[in-house]
Amino acid sequence: MSQVLNIIRIPELRNRIGITFLLLFIYRLGFQVPLPGVNLEGIRTASEKIAGSSLGGLFGIMNAFTGAGIGQAALFSLGVMPYISASIIFSLLVKVVPSLEALSKEGAAGQKRISQLTRLATVPICILQAFFILYGVIYNPAYGLIEGNPNFLYGLSVIVALTAGTIFIMWLGEQITEHGLGNGVSIIIMCGIISTMPSAMQSMMMVAENAHQLTVTLSV
């Protein structure tokens, strides 16, 4: 307790903790903003359809890393996954592309340039993933997420919204790294995983209860 009080007494650390929680609060607010024209009841129905399948397992993993955004068809549905993908790609390219390898050895300036290239590469990855979400999930007639016949402008607005959401999350992570507790992207991923824990525990308790009732029924 004394160590916790010492942390609170340090003004700079107290400010960093406050800024981190404020930015994480803004991050979670983005999951309360649904994508335009999406039927929220259809999202729940689609989640129930794939709950017990292998696709449901993949769906749950993606939800955990994106903060349950895909399951809600929210503005921040893509989360930081495109940025992580871009970071992995450039980590591999640095080892095989001589120009990038030389750039990485230039110290802070080179790392800054690689970070800028990573941010730029995040945008096309966002557009590609948003395109697959649009045509694989939102436009899928089996899920019934939208009503009527959407036009090109609607699809473009969804792709732009998802891409802008990821870019904003990326910016929030950089602010946490610079002005908060550091490791902003890691903290955002952790926040997304923690946000799925209550629903995961509830589902686990329901499964355990159903298993217990089945056992009682079979014993009778």
# chains A, B, ... in the order shown; residues from 1 in each chain; ligands from 1
$ residues_around --residues "range 83-97 of chain A" --least-positions-apart "2" --cutoff "6 Å" --atoms "only C-alpha atoms" --output "PyMOL selection string"
chain A and resi 80-81+99-101+118+121-122
$ select_by_dssp --residues "range 54-195 of chain A" --states "alpha helix (DSSP H)" --output "PyMOL selection string"
chain A and resi 54-66+81-96+98-104+108-133+152-179+184-195
$ residues_around --residues "His179 in chain A" --least-positions-apart "6" --cutoff "12 Å" --atoms "only C-alpha atoms" --output "ChimeraX atom specification"
/A:12-23,171-173
$ write_last_selection --atoms "all heavy atoms" --output "compact mmCIF listing (two decimals), in the first residue's frame"
# COMPACT_ATOMS: atom_id res chain seq x y z
N GLU A 12 4.35 13.59 -11.83
CA GLU A 12 4.50 13.19 -13.23
C GLU A 12 3.87 11.83 -13.49
O GLU A 12 3.15 11.63 -14.48
CB GLU A 12 5.99 13.14 -13.59
CG GLU A 12 6.22 12.78 -15.06
CD GLU A 12 7.70 12.72 -15.40
OE1 GLU A 12 8.53 13.00 -14.51
OE2 GLU A 12 8.02 12.39 -16.56
N LEU A 13 4.11 10.87 -12.59
CA LEU A 13 3.56 9.53 -12.77
C LEU A 13 2.04 9.56 -12.62
O LEU A 13 1.32 8.87 -13.34
CB LEU A 13 4.17 8.58 -11.75
CG LEU A 13 3.82 7.10 -11.91
CD1 LEU A 13 4.19 6.61 -13.31
CD2 LEU A 13 4.54 6.26 -10.86
N ARG A 14 1.56 10.38 -11.70
CA ARG A 14 0.11 10.52 -11.52
C ARG A 14 -0.54 11.08 -12.78
O ARG A 14 -1.61 10.61 -13.21
CB ARG A 14 -0.19 11.41 -10.32
CG ARG A 14 -1.67 11.51 -9.97
CD ARG A 14 -1.90 12.23 -8.66
NE ARG A 14 -1.44 13.61 -8.72
CZ ARG A 14 -0.43 14.10 -8.00
NH1 ARG A 14 0.24 13.31 -7.18
NH2 ARG A 14 -0.07 15.36 -8.09
N ASN A 15 0.11 12.05 -13.39
CA ASN A 15 -0.43 12.61 -14.64
C ASN A 15 -0.42 11.58 -15.77
O ASN A 15 -1.36 11.51 -16.56
CB ASN A 15 0.39 13.85 -15.03
CG ASN A 15 0.18 15.00 -14.07
OD1 ASN A 15 -0.84 15.08 -13.38
ND2 ASN A 15 1.15 15.90 -14.01
N ARG A 16 0.66 10.80 -15.85
CA ARG A 16 0.74 9.79 -16.90
C ARG A 16 -0.34 8.72 -16.73
O ARG A 16 -0.93 8.26 -17.71
CB ARG A 16 2.13 9.15 -16.90
CG ARG A 16 3.22 10.06 -17.46
CD ARG A 16 4.55 9.36 -17.52
NE ARG A 16 5.56 10.18 -18.18
CZ ARG A 16 5.77 10.19 -19.49
NH1 ARG A 16 5.07 9.37 -20.26
NH2 ARG A 16 6.69 10.96 -20.02
N ILE A 17 -0.60 8.34 -15.50
CA ILE A 17 -1.66 7.35 -15.26
C ILE A 17 -3.02 7.93 -15.64
O ILE A 17 -3.84 7.26 -16.28
CB ILE A 17 -1.65 6.91 -13.77
CG1 ILE A 17 -0.38 6.12 -13.47
CG2 ILE A 17 -2.88 6.07 -13.46
CD1 ILE A 17 -0.21 5.76 -12.01
N GLY A 18 -3.25 9.20 -15.28
CA GLY A 18 -4.52 9.84 -15.62
C GLY A 18 -4.71 9.96 -17.12
O GLY A 18 -5.81 9.72 -17.65
N ILE A 19 -3.64 10.35 -17.83
CA ILE A 19 -3.73 10.48 -19.29
C ILE A 19 -3.99 9.12 -19.93
O ILE A 19 -4.80 9.00 -20.87
CB ILE A 19 -2.43 11.10 -19.85
CG1 ILE A 19 -2.33 12.58 -19.42
CG2 ILE A 19 -2.38 10.99 -21.37
CD1 ILE A 19 -1.01 13.23 -19.77
N THR A 20 -3.33 8.07 -19.42
CA THR A 20 -3.53 6.73 -19.97
C THR A 20 -4.97 6.28 -19.83
O THR A 20 -5.59 5.78 -20.79
CB THR A 20 -2.59 5.73 -19.28
OG1 THR A 20 -1.23 6.13 -19.48
CG2 THR A 20 -2.80 4.33 -19.82
N PHE A 21 -5.55 6.46 -18.64
CA PHE A 21 -6.94 6.05 -18.42
C PHE A 21 -7.91 6.89 -19.24
O PHE A 21 -8.92 6.38 -19.73
CB PHE A 21 -7.29 6.12 -16.93
CG PHE A 21 -6.85 4.93 -16.14
CD1 PHE A 21 -5.71 4.96 -15.36
CD2 PHE A 21 -7.57 3.75 -16.20
CE1 PHE A 21 -5.30 3.86 -14.65
CE2 PHE A 21 -7.18 2.63 -15.48
CZ PHE A 21 -6.03 2.68 -14.70
N LEU A 22 -7.60 8.17 -19.42
CA LEU A 22 -8.46 9.03 -20.23
C LEU A 22 -8.46 8.57 -21.69
O LEU A 22 -9.53 8.47 -22.33
CB LEU A 22 -7.99 10.48 -20.14
CG LEU A 22 -8.74 11.49 -21.03
CD1 LEU A 22 -10.23 11.55 -20.65
CD2 LEU A 22 -8.11 12.88 -20.92
N LEU A 23 -7.28 8.26 -22.22
CA LEU A 23 -7.19 7.81 -23.61
C LEU A 23 -7.83 6.44 -23.80
O LEU A 23 -8.46 6.17 -24.83
CB LEU A 23 -5.73 7.79 -24.05
CG LEU A 23 -5.03 9.15 -24.12
CD1 LEU A 23 -3.56 9.00 -24.47
CD2 LEU A 23 -5.71 10.06 -25.13
N TRP A 171 -3.21 6.43 -33.39
CA TRP A 171 -2.81 7.71 -32.81
C TRP A 171 -2.94 7.69 -31.29
O TRP A 171 -2.07 8.21 -30.57
CB TRP A 171 -3.66 8.83 -33.40
CG TRP A 171 -3.34 10.19 -32.86
CD1 TRP A 171 -2.33 11.01 -33.25
CD2 TRP A 171 -4.04 10.88 -31.81
NE1 TRP A 171 -2.35 12.18 -32.51
CE2 TRP A 171 -3.38 12.12 -31.62
CE3 TRP A 171 -5.15 10.56 -31.04
CZ2 TRP A 171 -3.82 13.04 -30.68
CZ3 TRP A 171 -5.58 11.47 -30.08
CH2 TRP A 171 -4.91 12.70 -29.91
N LEU A 172 -4.01 7.08 -30.78
CA LEU A 172 -4.18 6.97 -29.33
C LEU A 172 -3.03 6.17 -28.72
O LEU A 172 -2.51 6.53 -27.65
CB LEU A 172 -5.51 6.29 -28.99
CG LEU A 172 -6.79 7.10 -29.20
CD1 LEU A 172 -8.01 6.25 -28.87
CD2 LEU A 172 -6.79 8.37 -28.35
N GLY A 173 -2.63 5.08 -29.39
CA GLY A 173 -1.51 4.29 -28.88
C GLY A 173 -0.22 5.09 -28.82
O GLY A 173 0.56 4.98 -27.86
$ residues_around --residues "range 123-125 of chain A" --least-positions-apart "3" --cutoff "12 Å" --atoms "only C-alpha atoms" --output "ChimeraX atom specification"
/A:78,80-87,89,116-120,128-132,159-160,162-168,170
